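Notes to accompany the following structure.
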Amino acid sequence: MLKKEQNDYLTQTGPGTPMGELFRCYWMPALLAEELPAPDCPPVRVKLLSERLVAFRDSEGRLGLIDEFCAHRGVSLWFGRNEQCGLRCPYHGWKYDVTGQCVEVPSEPAESGYAAKIKLQSYPLIEKGGVLWTYMGPPERQPPEPEFEFCSVPPDQTFTTKRVQECNWLQAMEGGIDSSHVSFLHRGDLSDDPLFRGAAGNKYNFGDLAPVFEVVESPGGLYIGARRNAEDDRYYWRITPWVMPCYTGVPPRGDHPLHGHFWVPIDDFSCWAWSYDYHPVRPLSADEVAAMRAGKGVHVRYVPGTYRPLANKDNDYLIDRAAQKAGKTFSGVEGIGMQDASLQESMGPICDRTKENLVGTDNGIIMARHRLLKAARELVGKGKIPPGVDPEHQKVRQAALLLKRDVPYEQGAKEALVARKGVRQTSV
Amino acid sequence: MISESARATSQSESAYRVPYRNSRERAVKVIALDSTSAALLDELARLPWNGARFFTAAPPIRENAPKEGALKAWLADLAGHTMDLVAEVSQSDFVVVVASAGEDARSASVIAEICALRHKTLIALVVPSADDEDAVLASLKQLRPYAKMLVVTHGRDYVETMLSALRA
C-alpha cells in the first residue's frame, strides 16, 4: 500500500508536480506519424501531462507542437489554417510557426515588431519509428533521441498503435510490470491469439500456475524475471524489462514479434496506452500486420475515426458473461489489451492505493514505485537526471529462455536482454 | 443512458468506496541471515510497524538440518532472547529474510523448510553493500531454491519501503 501523499506524488503529473517534472526529462510518444501525414495537413489536438497543445506539419514538412490557444483571445488553433509555413488562427489571422513564434499579426504593421513579442509555448517534435516523439522539459537538458529497438528497426519490421485509457497512467503501467496476472486474466489468449499461440514456451505457462519472481534493478529501471518449472532440471524464465518511467517489454513467445507498451499521461485521469510490435531480424508478415490491425495481440479495435477502443466503459467493454462462464475468457472481456484496460479503469480514475493489500509477488510493483519516488525526489531536490534518460538504458530487450536451475538469469540471460542489431530475440 | 461501467468509474463514484478496514493486522516475521543485515534490521525495528517482528537467525554454518528441538532456540530477537522458529513461522502471515550480498545465506534453507511445512510464503531480499556482481549472484544462488519472491535492491531503504507496502 501507499500513503495518500505518496499516491498523490506518483499519480499527479501536471505542470509543476514532481512526477510531471520527471516525465519532462524524457522523450515521450506524442502522436502516430499517420496523424500528421503530409505537409499542411489539418492540425491535431494533443493533451499531454495536463497541457493542451496542438500539433501540425508545416509546408516544409517541419513538425510543431505548440500551445493550443491563440495568444490573441484564446481561440483554439485546432481550427487553424495550416498554410505557408505556419498555423493561422481563423479568428483574426494571427499566424504561428512550428516553434510557436508568432510571425504575423495582421492588424499591426509588420514593421512594428509586435508579432516578434508574441510566442506560444512549444516543444520539439521528432519522427522516429512511425511515432512522433516530444520532449517537454527545459531545452538545455534535452536528451539524445530515443533508442528503443522498436523505433530503430526498419519500417517494415515494426508496427505501433495507441489507444486512450480512461484512468491514471500509473495503474495502467503497473499492469505491464505485474506478470503474475497473465496466468489468470489472459489464460484463454495464449492458445487462441494468433500473435501468442503455438509457442513451445506456452506449455510452461499452462503447466505451472505459480511462477516464482526475481526482481533486479537495472540501469534504466528493473528486470522482472518470472520462472516456472521445466524439464531436465531447468527453469523456464520470462524476463520483463521496465525502463523508467513507463516503458515495458513483454517476454516473447516463439518467433512471434516482440511487443510491449508505453503509458503516457494525458492528465491525471487518463493516459495513452502505446502498444508496439516489432521483429528484430525480419519484416512483419502480412498476416501478422493484419492481425494487429484487427485488434489481436496487444492491440485493439477502435471506435471508427478515433483512438478510443471499441470495447469501452460506455458499453461495459462488450462483456460476454457466457464466454466467461464457458472459460473462453477469464473476465468476459475479449482481447488482451482491453482485458487489462477494463480492470485497470475499474479501479477508478486514480486508484486509491491506501486500501491495497499487496503480497510478495507484487514486489515488482513495489520496487517500481520506490524507484519512481526516489528518482522524482532526487530530480526535484538535487537536479539528478533519472534512470532511463540515457539512450543506452533503452537498448534493452525482453527475453524468454530455459536455463539450468543453478544458473541465475542475471548471468544466463545477460546477452539476451540487450538489443543487438541483426540478432534475433531469445525465445522459446 | 450512461452505462454502468461509465458511471461506476467516474470521479464522483470513487467517493463511495466503503470506508472500512478491509484486512486484519499482518504478522510479518523479518529475519536477518547475517550480522550486517542484523544491523539494518536493528535500525528498522525502531520505526513504527503494524506488528512486524524482527529476528536474527542462528549461526548458519551447518551442513545438516537441525533437529526439531534445536529449532526452539534457532531464532533470536534483536534483544538476544532465543525464539522458537517453528512457532514464529506458524504464527506469521509470511516471512521475509534479509541477506547481505556475499554473506553466507544457507540458514535460509532451514527457514524455508519450516515455511513449506507451515504453508507460509518466504520472500528474500538481497542487499548489496558495494557494487559486487559476484557477491549478489552468490547470494541469489543460495536463496533461489527457497524464496517465492527474490529481490535484489541497491539501497537499504528498499527494505523499509517493501515492509511498508506489505503493511508489515
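Following the order of the C-alpha cells, chains are lettered A, B, ..., residues in each are numbered from 1, and ligands are numbered from 1.
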| task | Extract, using only C-alpha atoms, all DNA, RNA and protein residues at most 6 Å from range 230-241 of chain A, discarding same-chain residues fewer than 4 positions from it, and format them as an MDAnalysis selection string. | result | chainID A and resid 222:226 248:251 398:405
Can you list every residue of chain A that has an atom at most 10 Å from chain B, with its nearest atom pair and the distance in Å to one decimal, using only C-alpha atoms, ordered by chain then number, as a tab-separated table?
```
residue	atom	partner	partner_atom	distance
A:Met1	CA	B:Ala165	CA	4.4
A:Leu2	CA	B:Ala165	CA	6.2
A:Lys3	CA	B:Ala165	CA	9.1
A:Glu166	CA	B:Thr9	CA	8.9
A:Cys167	CA	B:Thr9	CA	8.8
A:Ala210	CA	B:Lys148	CA	9.1
A:Pro211	CA	B:Lys148	CA	8.1
A:Val212	CA	B:Lys148	CA	5.1
A:Phe213	CA	B:Met149	CA	4.9
A:Glu214	CA	B:Leu150	CA	4.6
A:Val215	CA	B:Val151	CA	4.7
A:Val216	CA	B:Val152	CA	5.0
A:Glu217	CA	B:Thr153	CA	6.5
A:Ser218	CA	B:His154	CA	9.8
A:Ile224	CA	B:Val151	CA	9.3
A:Gly225	CA	B:Leu150	CA	9.5
A:Ala226	CA	B:Met149	CA	9.4
A:Phe269	CA	B:Gln11	CA	8.7
A:Asn312	CA	B:Ala6	CA	8.5
A:Lys313	CA	B:Ala6	CA	4.9
A:Asp314	CA	B:Ser3	CA	5.2
A:Asn315	CA	B:Ser3	CA	6.1
A:Asp316	CA	B:Ser5	CA	5.3
A:Tyr317	CA	B:Ser5	CA	8.2
A:Ser342	CA	B:Ser5	CA	9.1
A:Glu345	CA	B:Thr9	CA	6.7
A:Ser346	CA	B:Thr9	CA	5.7
A:Met347	CA	B:Thr9	CA	7.2
A:Gly348	CA	B:Thr9	CA	4.9
A:Pro349	CA	B:Gln11	CA	6.1
A:Ile350	CA	B:Gln11	CA	8.3
A:Cys351	CA	B:Ser14	CA	8.9
A:Asp352	CA	B:Ser14	CA	8.8
A:Arg353	CA	B:Ala165	CA	9.7
A:Thr354	CA	B:Ala165	CA	9.5
A:Lys355	CA	B:Asn22	CA	7.4
A:Glu356	CA	B:Ala165	CA	8.6
A:Asn357	CA	B:Leu166	CA	6.7
A:Leu358	CA	B:Leu166	CA	5.4
A:Val359	CA	B:Leu166	CA	6.4
A:Gly360	CA	B:Met149	CA	6.1
A:Thr361	CA	B:Met149	CA	6.0
A:Asp362	CA	B:Met149	CA	8.9
A:Asn363	CA	B:Met162	CA	7.4
A:Gly364	CA	B:Val151	CA	8.6
A:Ile365	CA	B:Ala165	CA	9.9
A:Ile366	CA	B:Met162	CA	6.5
A:Met367	CA	B:Tyr158	CA	7.5
A:Arg369	CA	B:Thr161	CA	9.4
A:His370	CA	B:Thr161	CA	7.0
A:Arg371	CA	B:Tyr158	CA	9.1
A:Arg405	CA	B:Pro145	CA	8.7
A:Asp406	CA	B:Lys141	CA	6.7
A:Val407	CA	B:Lys141	CA	7.8
A:Pro408	CA	B:Lys141	CA	6.8
A:Tyr409	CA	B:Leu137	CA	9.6
A:Glu410	CA	B:Leu137	CA	7.8
A:Gln411	CA	B:Leu137	CA	8.2
```
Using the selection just defined, write its residues with C-alpha atoms as an mmCIF file, in the first residue's frame.
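After the write, again.cif holds the following:
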```cif
data_model
loop_
_atom_site.group_PDB
_atom_site.id
_atom_site.type_symbol
_atom_site.label_atom_id
_atom_site.label_comp_id
_atom_site.auth_asym_id
_atom_site.auth_seq_id
_atom_site.Cartn_x
_atom_site.Cartn_y
_atom_site.Cartn_z
ATOM 1 C CA MET A 1 0.000 0.000 0.000
ATOM 2 C CA LEU A 2 0.971 3.639 -0.285
ATOM 3 C CA LYS A 3 0.181 6.556 1.950
ATOM 4 C CA GLU A 166 -9.526 6.263 -19.130
ATOM 5 C CA CYS A 167 -7.586 6.046 -15.903
ATOM 6 C CA ALA A 210 2.582 -20.416 -9.541
ATOM 7 C CA PRO A 211 5.620 -18.694 -11.016
ATOM 8 C CA VAL A 212 8.397 -17.510 -8.756
ATOM 9 C CA PHE A 213 9.660 -13.995 -9.272
ATOM 10 C CA GLU A 214 13.016 -12.275 -9.136
ATOM 11 C CA VAL A 215 13.252 -8.503 -9.311
ATOM 12 C CA VAL A 216 16.584 -6.854 -10.009
ATOM 13 C CA GLU A 217 17.398 -3.212 -10.529
ATOM 14 C CA SER A 218 18.758 -2.322 -13.956
ATOM 15 C CA ILE A 224 11.381 -8.674 -13.512
ATOM 16 C CA GLY A 225 12.043 -12.357 -14.030
ATOM 17 C CA ALA A 226 9.326 -14.975 -13.674
ATOM 18 C CA PHE A 269 -7.364 10.737 -15.081
ATOM 19 C CA ASN A 312 -15.012 0.713 -23.602
ATOM 20 C CA LYS A 313 -16.709 1.775 -20.406
ATOM 21 C CA ASP A 314 -19.683 3.201 -22.281
ATOM 22 C CA ASN A 315 -20.690 -0.274 -23.488
ATOM 23 C CA ASP A 316 -19.471 -2.218 -20.433
ATOM 24 C CA TYR A 317 -16.499 -3.374 -22.527
ATOM 25 C CA SER A 342 -11.177 -2.710 -18.321
ATOM 26 C CA GLU A 345 -10.196 1.535 -15.402
ATOM 27 C CA SER A 346 -12.480 -0.189 -12.885
ATOM 28 C CA MET A 347 -10.055 0.847 -10.115
ATOM 29 C CA GLY A 348 -11.347 4.401 -10.594
ATOM 30 C CA PRO A 349 -9.815 7.414 -12.317
ATOM 31 C CA ILE A 350 -6.963 7.329 -9.774
ATOM 32 C CA CYS A 351 -6.549 4.084 -7.841
ATOM 33 C CA ASP A 352 -6.691 4.587 -4.084
ATOM 34 C CA ARG A 353 -3.615 2.674 -3.021
ATOM 35 C CA THR A 354 -4.189 3.301 0.683
ATOM 36 C CA LYS A 355 -6.638 0.392 0.566
ATOM 37 C CA GLU A 356 -4.310 -2.129 -1.071
ATOM 38 C CA ASN A 357 -3.237 -5.435 0.412
ATOM 39 C CA LEU A 358 -0.131 -6.383 -1.537
ATOM 40 C CA VAL A 359 1.557 -9.756 -1.477
ATOM 41 C CA GLY A 360 5.104 -10.890 -2.021
ATOM 42 C CA THR A 361 4.617 -11.339 -5.746
ATOM 43 C CA ASP A 362 3.855 -7.614 -6.012
ATOM 44 C CA ASN A 363 7.497 -6.770 -5.397
ATOM 45 C CA GLY A 364 7.965 -5.648 -8.999
ATOM 46 C CA ILE A 365 5.288 -3.025 -8.493
ATOM 47 C CA ILE A 366 6.602 -2.106 -5.039
ATOM 48 C CA MET A 367 10.097 -1.589 -6.389
ATOM 49 C CA ARG A 369 7.036 2.779 -7.187
ATOM 50 C CA HIS A 370 10.090 3.045 -4.951
ATOM 51 C CA ARG A 371 12.357 3.854 -7.885
ATOM 52 C CA ARG A 405 18.400 -24.433 -12.301
ATOM 53 C CA ASP A 406 21.698 -23.335 -10.877
ATOM 54 C CA VAL A 407 22.218 -20.616 -13.493
ATOM 55 C CA PRO A 408 20.944 -17.203 -12.425
ATOM 56 C CA TYR A 409 19.076 -15.364 -15.159
ATOM 57 C CA GLU A 410 21.172 -12.297 -14.447
ATOM 58 C CA GLN A 411 24.062 -14.295 -15.901
#
```
| said: Just want the 7 Å neighbourhood of Ala376 in chain A, counted on only C-alpha atoms, with same-chain residues fewer than 2 positions away dropped. Output as an MDAnalysis selection string. | reply: chainID A and resid 18:19 22 372:374 378:380
Just the residues within 9 Å of range 184-187 of chain A, please, counting only C-alpha atoms, with nothing from its chain fewer than 2 positions along; format it as a PDB file with C-alpha atoms, in the first residue's frame.
```pdb
ATOM      1  CA  SER A 180       1.521 -12.741 -12.238  1.00  0.00           C
ATOM      2  CA  HIS A 181      -1.876 -11.786 -13.684  1.00  0.00           C
ATOM      3  CA  VAL A 182      -1.171 -13.391 -17.069  1.00  0.00           C
ATOM      4  CA  ASP A 189      -5.494 -15.976 -25.244  1.00  0.00           C
ATOM      5  CA  LEU A 190      -2.273 -17.964 -25.088  1.00  0.00           C
ATOM      6  CA  SER A 191      -3.968 -20.699 -27.094  1.00  0.00           C
ATOM      7  CA  ASN A 205       2.557 -21.190 -18.516  1.00  0.00           C
ATOM      8  CA  PHE A 206      -0.176 -23.826 -18.533  1.00  0.00           C
ATOM      9  CA  LEU A 209       0.397 -21.546 -12.443  1.00  0.00           C
ATOM     10  CA  LYS A 328     -13.253 -18.781 -23.208  1.00  0.00           C
ATOM     11  CA  THR A 329     -12.186 -15.601 -21.422  1.00  0.00           C
ATOM     12  CA  PHE A 330     -11.385 -15.200 -17.745  1.00  0.00           C
ATOM     13  CA  SER A 331     -13.107 -11.863 -17.228  1.00  0.00           C
ATOM     14  CA  GLY A 335      -8.686  -9.192 -26.199  1.00  0.00           C
ATOM     15  CA  ILE A 336      -5.563  -8.840 -24.095  1.00  0.00           C
ATOM     16  CA  GLN A 339      -8.805  -7.282 -20.593  1.00  0.00           C
ATOM     17  CA  ASP A 340      -6.148  -5.196 -18.879  1.00  0.00           C
TER      18      ASP A 340
END
```
| Which of B:Lys72, B:His81, B:Arg53, B:Arg106 sits closest to Asp34 in chain B [using only C-alpha atoms] | B:Arg106
| request: Would you please extract all alpha helix (DSSP H) residues from range 98-337 of chain A, as assigned by DSSP on the backbone, and give them as an NGL selection string? | output: :A and (169-177 or 182-185 or 189-192 or 202-207 or 286-293 or 321-326 or 336-337)
Please produce an output containing C-alpha atoms for each residue in the selection, written as a JSON list (two decimals), in the first residue's frame.
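So the final result, stored in out36.json, reads:
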```json
[["chain", "number", "residue", "atom", "x", "y", "z"],
["A", 169, "TRP", "CA", -1.13, 6.31, -16.00],
["A", 170, "LEU", "CA", 0.33, 4.51, -13.00],
["A", 171, "GLN", "CA", -2.35, 1.84, -12.51],
["A", 172, "ALA", "CA", -2.10, 1.13, -16.24],
["A", 173, "MET", "CA", 1.68, 0.91, -16.24],
["A", 174, "GLU", "CA", 1.72, -1.37, -13.17],
["A", 175, "GLY", "CA", -0.19, -3.93, -15.20],
["A", 176, "GLY", "CA", 2.78, -4.15, -17.53],
["A", 177, "ILE", "CA", 5.13, -4.95, -14.68],
["A", 182, "VAL", "CA", -1.17, -13.39, -17.07],
["A", 183, "SER", "CA", -1.95, -16.92, -15.89],
["A", 184, "PHE", "CA", -5.39, -15.76, -14.87],
["A", 185, "LEU", "CA", -6.65, -12.82, -16.88],
["A", 189, "ASP", "CA", -5.49, -15.98, -25.24],
["A", 190, "LEU", "CA", -2.27, -17.96, -25.09],
["A", 191, "SER", "CA", -3.97, -20.70, -27.09],
["A", 192, "ASP", "CA", -6.19, -18.60, -29.34],
["A", 202, "ASN", "CA", 3.35, -21.67, -23.68],
["A", 203, "LYS", "CA", 3.17, -25.14, -22.16],
["A", 204, "TYR", "CA", 5.14, -23.92, -19.16],
["A", 205, "ASN", "CA", 2.56, -21.19, -18.52],
["A", 206, "PHE", "CA", -0.18, -23.83, -18.53],
["A", 207, "GLY", "CA", 1.80, -26.33, -16.52],
["A", 286, "ALA", "CA", 1.15, -9.62, -43.91],
["A", 287, "ASP", "CA", -0.78, -11.96, -41.62],
["A", 288, "GLU", "CA", 0.89, -10.54, -38.54],
["A", 289, "VAL", "CA", 0.12, -6.94, -39.52],
["A", 290, "ALA", "CA", -3.44, -7.88, -40.42],
["A", 291, "ALA", "CA", -3.88, -9.46, -37.01],
["A", 292, "MET", "CA", -2.51, -6.37, -35.28],
["A", 293, "ARG", "CA", -4.83, -4.11, -37.30],
["A", 321, "ARG", "CA", -20.68, -13.44, -19.45],
["A", 322, "ALA", "CA", -21.38, -16.64, -21.36],
["A", 323, "ALA", "CA", -17.82, -16.66, -22.67],
["A", 324, "GLN", "CA", -16.57, -16.05, -19.14],
["A", 325, "LYS", "CA", -18.63, -18.92, -17.80],
["A", 326, "ALA", "CA", -17.51, -21.20, -20.59],
["A", 336, "ILE", "CA", -5.56, -8.84, -24.09],
["A", 337, "GLY", "CA", -5.43, -5.05, -24.31]]
```
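Separating CA of Ser285 in chain A from CA of Val300 in chain A is a distance of 18.6 Å.
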| 12 Å contact set for Arg141 in chain A, only C-alpha atoms, chain neighbours under 5 positions out, as an MDAnalysis selection string | chainID A and resid 24:27 135:136 383:386 389:390
Okay, now the selection with N, CA and C atoms, as an mmCIF file, in the first residue's frame?
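Okay, result18.cif is ready:
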```
data_model
loop_
_atom_site.group_PDB
_atom_site.id
_atom_site.type_symbol
_atom_site.label_atom_id
_atom_site.label_comp_id
_atom_site.auth_asym_id
_atom_site.auth_seq_id
_atom_site.Cartn_x
_atom_site.Cartn_y
_atom_site.Cartn_z
ATOM 1 N N ARG A 24 9.055 15.012 -17.814
ATOM 2 C CA ARG A 24 9.623 16.013 -18.718
ATOM 3 C C ARG A 24 11.114 15.841 -18.963
ATOM 4 N N CYS A 25 11.719 14.844 -18.326
ATOM 5 C CA CYS A 25 13.126 14.547 -18.610
ATOM 6 C C CYS A 25 13.288 13.674 -19.846
ATOM 7 N N TYR A 26 12.197 13.080 -20.312
ATOM 8 C CA TYR A 26 12.274 12.031 -21.334
ATOM 9 C C TYR A 26 11.601 12.453 -22.641
ATOM 10 N N TRP A 27 12.052 11.842 -23.750
ATOM 11 C CA TRP A 27 11.251 11.859 -24.969
ATOM 12 C C TRP A 27 10.063 10.906 -24.735
ATOM 13 N N TYR A 135 9.626 16.147 -26.369
ATOM 14 C CA TYR A 135 10.346 16.355 -25.115
ATOM 15 C C TYR A 135 9.811 17.656 -24.537
ATOM 16 N N MET A 136 9.312 17.602 -23.296
ATOM 17 C CA MET A 136 8.625 18.765 -22.726
ATOM 18 C C MET A 136 9.396 19.401 -21.577
ATOM 19 N N GLY A 383 18.413 17.929 -8.739
ATOM 20 C CA GLY A 383 18.599 18.059 -10.177
ATOM 21 C C GLY A 383 19.209 16.832 -10.823
ATOM 22 N N LYS A 384 19.099 15.688 -10.171
ATOM 23 C CA LYS A 384 19.746 14.476 -10.693
ATOM 24 C C LYS A 384 18.933 13.902 -11.847
ATOM 25 N N ILE A 385 19.610 13.644 -12.966
ATOM 26 C CA ILE A 385 18.930 13.082 -14.135
ATOM 27 C C ILE A 385 18.495 11.657 -13.806
ATOM 28 N N PRO A 386 17.234 11.320 -14.065
ATOM 29 C CA PRO A 386 16.742 10.000 -13.653
ATOM 30 C C PRO A 386 17.190 8.882 -14.582
ATOM 31 N N VAL A 389 16.836 8.017 -19.049
ATOM 32 C CA VAL A 389 17.038 9.128 -19.981
ATOM 33 C C VAL A 389 18.175 8.800 -20.943
ATOM 34 N N ASP A 390 19.202 8.191 -20.405
ATOM 35 C CA ASP A 390 20.372 7.805 -21.208
ATOM 36 C C ASP A 390 19.936 6.792 -22.269
#
```
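Computed from the coordinates, the CA of Glu83 in chain A to CA of Cys102 in chain A distance equals 14.0 Å.
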| message | I'd like the interatomic distance between CA of Val30 in chain B and CA of Glu43 in chain B, to a tenth of an Å. | response | 12.7 Å
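Closest approach to Glu35 in chain A from the set A:Phe150, A:Trp242, A:Tyr123, A:Tyr307 is made by A:Tyr307, with distances taken over only C-alpha atoms.
For range 2-94 of chain B, a DSSP pass over the backbone yields strand (DSSP E) at Val28, Lys29, Val30, Ile31, Ala32, Arg53, Phe54, Phe55, Thr56, Ala57, Leu75, Ala76, Asp77, Thr82, Met83 and Phe94 of chain B.
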| field | Residues within 10 Å of Glu68 in chain A, only C-alpha atoms, excluding chain neighbours under 3 positions, as a VMD selection string | value | chain A and resid 43 to 47 51 to 55 65 71 74 to 80 100 120 to 122
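Among the candidates B:Asn50, B:Ser100, B:Ser90, B:Thr82, the residue lying nearest to Ala38 in chain B is B:Ser100 (atoms considered: only C-alpha atoms).
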